[in-house]
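K.L.:
Take this structure first; my questions come after.
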Amino acid sequence: MSEFADKVVIVTGAARGIGRAAAVEFAAAGATVAGADRNVEALNEVGELSLRLGGDVGDTDDAHQIIDDTLAAFGRLDVLVNNAGVWVLKPTADLTPEEWDDQLSTNLRSFFLLIRRAHPALVEAGGNVVNVASMAAMRFTTPHVAYASAKAGVIAMTRDLAAEYAPDVRVNAVAPGPIDTMGLTASMTPAEKADFGRRYLLGRMGEPEDVAHAIVFLASSQAAYITGATLPVTGGTELGIPSLL
């Protein structure tokens with residue numbers, strides 16, 4: 001992965017979870033990493049970042065500033081990782097229009113804003129985009145229709161932009177399954193998490209690093225002939241849940 005030594009990478013949602021794991025892995029591979037997150041205090045704890053950028057990625061001005069500040073600092077952009085995301089877990093009848101709008105803004109609109117602003121720099125660098133979608137875009141998982149709808153949009157955006165931007169910029173996505181970063185697992189003990197994970201084909205929940213490995217692979221030259229793809233990183237969850245007996 002020494003190819004990242006002279007490359008600049010932006011990771012949104014870099015303060016925690018998948019975003020933090022991706023930022024750390026890119027930095028370990030030699031990349032200069034700019035991290036963006038609403039939570040600037042948590043972002044300051046990610047020591048591997050060369051640039052820390054606050055703001056709301058769903059806001060046009062903030063999204064554009066993330067790209068512009070990175071280019072001003074480093075003069076190039078090779079990889080954009082759209083990872084920032086929020087979710088609301090509740091039945092649709094209880095979902096407010098304001099919550100719907102926030103879900104679509106952060107989980108889909110921000111990807112559009114950042115990619116469009118970054119496109120000229122990515123063309124110049126021969127760079128690529130990796131979007132973080134979700135298994136929720138492909139099958140029902142739990143009641144979060146706004147989140148699932150936005151992530152389905154991410155997969156469609158990935159496909160269409162890969163066609164529109166070819167051959168200059170590759171655009172791919174990962175679709176994580178059950179990863180131990182979610183609000184549902186925050187109150188679980190290690191024993192409860194282990195028991196929860198045994199219901200999946202590989203016998204455990206995913207870790208943020210599992211997704212980060214896939215993101216870095218798709219951004220690398222090893223994936224040079226892959227574009228428009230959405231790679232499930234699910235531990236086989238979508239294939240079915242085996243009996244625990």
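Going through the structure tokens in order, the chains are called A, B, and so on, while each chain numbers its residues from 1 and the ligands are numbered from 1 in the order shown.
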How would you write, as a list in words, the set of residues in range 24-244 of chain A that DSSP gives as strand (DSSP E)?
P.N.:
Thr32, Val33, Ala34, Gly35, Ala36, Leu51, Arg52, Leu53, Val79, Leu80, Val81, Asn82, Asn128, Val129, Val130, Asn131, Val132, Arg170, Val171, Asn172, Ala173, Val174, Ala175, Pro176, Thr230, Leu231, Pro232 and Val233 of chain A
K.L.:
Take the residues just selected and output them with N, CA, C and O atoms as a JSON list (two decimals), in the first residue's frame.
P.N.:
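This is the output file selection.json:
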```json
[["chain", "number", "residue", "atom", "x", "y", "z"],
["A", 32, "THR", "N", -1.76, 11.21, 3.37],
["A", 32, "THR", "CA", -2.08, 12.42, 4.12],
["A", 32, "THR", "C", -3.60, 12.46, 4.23],
["A", 32, "THR", "O", -4.30, 12.49, 3.21],
["A", 33, "VAL", "N", -4.12, 12.44, 5.45],
["A", 33, "VAL", "CA", -5.56, 12.28, 5.65],
["A", 33, "VAL", "C", -6.18, 13.52, 6.26],
["A", 33, "VAL", "O", -5.73, 14.01, 7.31],
["A", 34, "ALA", "N", -7.20, 14.04, 5.60],
["A", 34, "ALA", "CA", -8.03, 15.11, 6.14],
["A", 34, "ALA", "C", -9.32, 14.48, 6.64],
["A", 34, "ALA", "O", -10.01, 13.78, 5.89],
["A", 35, "GLY", "N", -9.65, 14.71, 7.90],
["A", 35, "GLY", "CA", -10.86, 14.16, 8.48],
["A", 35, "GLY", "C", -11.89, 15.24, 8.73],
["A", 35, "GLY", "O", -11.55, 16.34, 9.19],
["A", 36, "ALA", "N", -13.14, 14.95, 8.42],
["A", 36, "ALA", "CA", -14.23, 15.89, 8.65],
["A", 36, "ALA", "C", -15.27, 15.24, 9.55],
["A", 36, "ALA", "O", -15.54, 14.04, 9.43],
["A", 51, "LEU", "N", -5.22, 17.00, 8.88],
["A", 51, "LEU", "CA", -6.10, 18.16, 8.84],
["A", 51, "LEU", "C", -7.44, 17.76, 9.42],
["A", 51, "LEU", "O", -7.97, 16.70, 9.08],
["A", 52, "ARG", "N", -7.99, 18.61, 10.29],
["A", 52, "ARG", "CA", -9.27, 18.34, 10.93],
["A", 52, "ARG", "C", -10.25, 19.43, 10.52],
["A", 52, "ARG", "O", -9.96, 20.62, 10.69],
["A", 53, "LEU", "N", -11.41, 19.02, 10.03],
["A", 53, "LEU", "CA", -12.38, 19.96, 9.47],
["A", 53, "LEU", "C", -13.74, 19.72, 10.09],
["A", 53, "LEU", "O", -14.29, 18.62, 10.01],
["A", 79, "VAL", "N", -8.38, 10.70, -3.03],
["A", 79, "VAL", "CA", -9.47, 9.80, -2.61],
["A", 79, "VAL", "C", -10.45, 10.57, -1.74],
["A", 79, "VAL", "O", -10.04, 11.28, -0.81],
["A", 80, "LEU", "N", -11.73, 10.43, -2.04],
["A", 80, "LEU", "CA", -12.80, 10.96, -1.20],
["A", 80, "LEU", "C", -13.60, 9.80, -0.65],
["A", 80, "LEU", "O", -14.17, 9.01, -1.42],
["A", 81, "VAL", "N", -13.63, 9.69, 0.67],
["A", 81, "VAL", "CA", -14.42, 8.65, 1.34],
["A", 81, "VAL", "C", -15.62, 9.31, 1.99],
["A", 81, "VAL", "O", -15.49, 10.03, 2.98],
["A", 82, "ASN", "N", -16.79, 9.08, 1.41],
["A", 82, "ASN", "CA", -18.04, 9.62, 1.96],
["A", 82, "ASN", "C", -18.59, 8.62, 2.97],
["A", 82, "ASN", "O", -19.21, 7.61, 2.60],
["A", 128, "ASN", "N", -10.26, 8.67, -6.98],
["A", 128, "ASN", "CA", -11.49, 7.86, -6.91],
["A", 128, "ASN", "C", -12.28, 8.19, -5.65],
["A", 128, "ASN", "O", -11.79, 8.84, -4.74],
["A", 129, "VAL", "N", -13.52, 7.72, -5.65],
["A", 129, "VAL", "CA", -14.46, 7.93, -4.56],
["A", 129, "VAL", "C", -14.89, 6.58, -4.00],
["A", 129, "VAL", "O", -15.14, 5.64, -4.77],
["A", 130, "VAL", "N", -14.97, 6.50, -2.67],
["A", 130, "VAL", "CA", -15.57, 5.33, -2.02],
["A", 130, "VAL", "C", -16.69, 5.83, -1.12],
["A", 130, "VAL", "O", -16.45, 6.61, -0.20],
["A", 131, "ASN", "N", -17.91, 5.42, -1.43],
["A", 131, "ASN", "CA", -19.08, 5.78, -0.64],
["A", 131, "ASN", "C", -19.42, 4.67, 0.34],
["A", 131, "ASN", "O", -19.29, 3.48, 0.01],
["A", 132, "VAL", "N", -19.90, 5.03, 1.50],
["A", 132, "VAL", "CA", -20.35, 4.04, 2.48],
["A", 132, "VAL", "C", -21.86, 3.97, 2.42],
["A", 132, "VAL", "O", -22.55, 4.92, 2.81],
["A", 170, "ARG", "N", -12.86, 6.70, -10.72],
["A", 170, "ARG", "CA", -13.62, 5.52, -10.31],
["A", 170, "ARG", "C", -14.51, 5.87, -9.12],
["A", 170, "ARG", "O", -14.12, 6.67, -8.26],
["A", 171, "VAL", "N", -15.70, 5.27, -9.08],
["A", 171, "VAL", "CA", -16.64, 5.50, -7.97],
["A", 171, "VAL", "C", -17.18, 4.15, -7.53],
["A", 171, "VAL", "O", -17.81, 3.43, -8.32],
["A", 172, "ASN", "N", -16.93, 3.79, -6.28],
["A", 172, "ASN", "CA", -17.39, 2.53, -5.73],
["A", 172, "ASN", "C", -18.02, 2.75, -4.35],
["A", 172, "ASN", "O", -17.97, 3.86, -3.81],
["A", 173, "ALA", "N", -18.59, 1.69, -3.81],
["A", 173, "ALA", "CA", -19.21, 1.79, -2.48],
["A", 173, "ALA", "C", -18.98, 0.50, -1.71],
["A", 173, "ALA", "O", -18.75, -0.57, -2.29],
["A", 174, "VAL", "N", -19.05, 0.61, -0.41],
["A", 174, "VAL", "CA", -19.14, -0.55, 0.47],
["A", 174, "VAL", "C", -20.50, -0.52, 1.13],
["A", 174, "VAL", "O", -21.07, 0.55, 1.36],
["A", 175, "ALA", "N", -21.02, -1.70, 1.43],
["A", 175, "ALA", "CA", -22.33, -1.81, 2.10],
["A", 175, "ALA", "C", -22.15, -2.63, 3.37],
["A", 175, "ALA", "O", -22.25, -3.86, 3.33],
["A", 176, "PRO", "N", -21.84, -1.98, 4.48],
["A", 176, "PRO", "CA", -21.65, -2.73, 5.73],
["A", 176, "PRO", "C", -22.92, -3.38, 6.21],
["A", 176, "PRO", "O", -24.03, -2.88, 6.00],
["A", 230, "THR", "N", -20.77, -2.06, -5.63],
["A", 230, "THR", "CA", -21.07, -1.95, -4.21],
["A", 230, "THR", "C", -20.69, -3.27, -3.56],
["A", 230, "THR", "O", -21.25, -4.32, -3.87],
["A", 231, "LEU", "N", -19.68, -3.23, -2.70],
["A", 231, "LEU", "CA", -19.13, -4.42, -2.07],
["A", 231, "LEU", "C", -19.78, -4.65, -0.72],
["A", 231, "LEU", "O", -19.60, -3.85, 0.20],
["A", 232, "PRO", "N", -20.52, -5.74, -0.55],
["A", 232, "PRO", "CA", -21.09, -6.04, 0.77],
["A", 232, "PRO", "C", -19.97, -6.41, 1.75],
["A", 232, "PRO", "O", -19.10, -7.21, 1.42],
["A", 233, "VAL", "N", -20.02, -5.82, 2.93],
["A", 233, "VAL", "CA", -19.09, -6.19, 4.01],
["A", 233, "VAL", "C", -19.98, -6.54, 5.19],
["A", 233, "VAL", "O", -20.17, -5.77, 6.12]]
```
K.L.:
Just list as JSON, numbers by chain whatever in range 159-226 of chain A DSSP marks as helix (DSSP H, G or I).
P.N.:
{"A": [159, 160, 161, 162, 163, 164, 165, 183, 184, 185, 190, 191, 192, 193, 194, 195, 196, 197, 208, 209, 210, 211, 212, 213, 214, 215, 216, 217, 218, 219, 221, 222, 223]}
K.L.:
Skip Pro167 in chain A itself and residues of its chain fewer than 2 positions away, then list as a PDB file with all heavy atoms, in the first residue's frame all residues within 10 Å of it, counting only C-alpha atoms.
P.N.:
```pdb
ATOM      1  N   VAL A 123     -10.245  14.348 -10.970  1.00  0.00           N
ATOM      2  CA  VAL A 123      -9.863  14.120 -12.367  1.00  0.00           C
ATOM      3  C   VAL A 123      -8.376  14.416 -12.552  1.00  0.00           C
ATOM      4  O   VAL A 123      -7.639  13.639 -13.167  1.00  0.00           O
ATOM      5  CB  VAL A 123     -10.711  14.993 -13.314  1.00  0.00           C
ATOM      6  CG1 VAL A 123     -10.149  14.948 -14.733  1.00  0.00           C
ATOM      7  CG2 VAL A 123     -12.165  14.536 -13.305  1.00  0.00           C
ATOM      8  N   GLY A 126      -6.344  11.685 -11.043  1.00  0.00           N
ATOM      9  CA  GLY A 126      -6.679  10.304 -11.393  1.00  0.00           C
ATOM     10  C   GLY A 126      -7.190   9.551 -10.181  1.00  0.00           C
ATOM     11  O   GLY A 126      -6.878   8.376  -9.976  1.00  0.00           O
ATOM     12  N   ALA A 162     -20.276   6.480 -11.528  1.00  0.00           N
ATOM     13  CA  ALA A 162     -19.207   5.669 -12.115  1.00  0.00           C
ATOM     14  C   ALA A 162     -19.290   5.707 -13.630  1.00  0.00           C
ATOM     15  O   ALA A 162     -18.267   5.808 -14.324  1.00  0.00           O
ATOM     16  CB  ALA A 162     -19.297   4.227 -11.611  1.00  0.00           C
ATOM     17  N   ALA A 163     -20.514   5.641 -14.157  1.00  0.00           N
ATOM     18  CA  ALA A 163     -20.702   5.706 -15.610  1.00  0.00           C
ATOM     19  C   ALA A 163     -20.418   7.108 -16.136  1.00  0.00           C
ATOM     20  O   ALA A 163     -19.755   7.281 -17.168  1.00  0.00           O
ATOM     21  CB  ALA A 163     -22.128   5.282 -15.969  1.00  0.00           C
ATOM     22  N   GLU A 164     -20.888   8.114 -15.414  1.00  0.00           N
ATOM     23  CA  GLU A 164     -20.715   9.498 -15.865  1.00  0.00           C
ATOM     24  C   GLU A 164     -19.254   9.940 -15.815  1.00  0.00           C
ATOM     25  O   GLU A 164     -18.788  10.677 -16.693  1.00  0.00           O
ATOM     26  CB  GLU A 164     -21.562  10.422 -14.998  1.00  0.00           C
ATOM     27  CG  GLU A 164     -21.504  11.887 -15.411  1.00  0.00           C
ATOM     28  CD  GLU A 164     -22.425  12.756 -14.572  1.00  0.00           C
ATOM     29  OE1 GLU A 164     -23.387  12.228 -13.967  1.00  0.00           O
ATOM     30  OE2 GLU A 164     -22.165  13.977 -14.513  1.00  0.00           O
ATOM     31  N   TYR A 165     -18.524   9.518 -14.798  1.00  0.00           N
ATOM     32  CA  TYR A 165     -17.159   9.997 -14.584  1.00  0.00           C
ATOM     33  C   TYR A 165     -16.088   9.118 -15.221  1.00  0.00           C
ATOM     34  O   TYR A 165     -14.907   9.497 -15.220  1.00  0.00           O
ATOM     35  CB  TYR A 165     -16.881  10.116 -13.086  1.00  0.00           C
ATOM     36  CG  TYR A 165     -17.597  11.251 -12.395  1.00  0.00           C
ATOM     37  CD1 TYR A 165     -17.624  11.328 -11.006  1.00  0.00           C
ATOM     38  CD2 TYR A 165     -18.241  12.258 -13.112  1.00  0.00           C
ATOM     39  CE1 TYR A 165     -18.266  12.371 -10.348  1.00  0.00           C
ATOM     40  CE2 TYR A 165     -18.899  13.297 -12.474  1.00  0.00           C
ATOM     41  CZ  TYR A 165     -18.906  13.349 -11.085  1.00  0.00           C
ATOM     42  OH  TYR A 165     -19.548  14.385 -10.441  1.00  0.00           O
ATOM     43  N   VAL A 169     -12.467   9.028 -13.224  1.00  0.00           N
ATOM     44  CA  VAL A 169     -12.608   8.856 -11.779  1.00  0.00           C
ATOM     45  C   VAL A 169     -13.420   7.592 -11.512  1.00  0.00           C
ATOM     46  O   VAL A 169     -14.528   7.446 -12.030  1.00  0.00           O
ATOM     47  CB  VAL A 169     -13.325  10.070 -11.138  1.00  0.00           C
ATOM     48  CG1 VAL A 169     -13.546   9.843  -9.643  1.00  0.00           C
ATOM     49  CG2 VAL A 169     -12.533  11.346 -11.370  1.00  0.00           C
ATOM     50  N   ARG A 170     -12.862   6.695 -10.725  1.00  0.00           N
ATOM     51  CA  ARG A 170     -13.616   5.515 -10.309  1.00  0.00           C
ATOM     52  C   ARG A 170     -14.512   5.874  -9.121  1.00  0.00           C
ATOM     53  O   ARG A 170     -14.119   6.667  -8.260  1.00  0.00           O
ATOM     54  CB  ARG A 170     -12.682   4.373  -9.904  1.00  0.00           C
ATOM     55  CG  ARG A 170     -11.845   3.825 -11.024  1.00  0.00           C
ATOM     56  CD  ARG A 170     -11.063   2.576 -10.620  1.00  0.00           C
ATOM     57  NE  ARG A 170     -10.143   2.809  -9.523  1.00  0.00           N
ATOM     58  CZ  ARG A 170     -10.273   2.310  -8.311  1.00  0.00           C
ATOM     59  NH1 ARG A 170     -11.317   1.538  -7.995  1.00  0.00           N
ATOM     60  NH2 ARG A 170      -9.376   2.568  -7.361  1.00  0.00           N
ATOM     61  N   THR A 227     -15.216  -0.348 -10.876  1.00  0.00           N
ATOM     62  CA  THR A 227     -15.946   0.913 -10.711  1.00  0.00           C
ATOM     63  C   THR A 227     -17.438   0.642 -10.816  1.00  0.00           C
ATOM     64  O   THR A 227     -17.866  -0.301 -11.487  1.00  0.00           O
ATOM     65  CB  THR A 227     -15.498   1.970 -11.740  1.00  0.00           C
ATOM     66  OG1 THR A 227     -15.974   3.258 -11.331  1.00  0.00           O
ATOM     67  CG2 THR A 227     -15.994   1.665 -13.142  1.00  0.00           C
TER      68      THR A 227
END
```
K.L.:
I'd like the contact shell of His144 in chain A - 12 Å cut-off, only C-alpha atoms, skipping same-chain residues fewer than 4 positions apart - returned as a ChimeraX atom specification.
P.N.:
/A:86-95,99-100,103-104,134,136-137,139-140,148-151
K.L.:
Separation of CA of Tyr225 in chain A and CA of Ala23 in chain A, in Å?
P.N.:
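For CA of Tyr225 in chain A relative to CA of Ala23 in chain A, the distance reads 23.4 Å.
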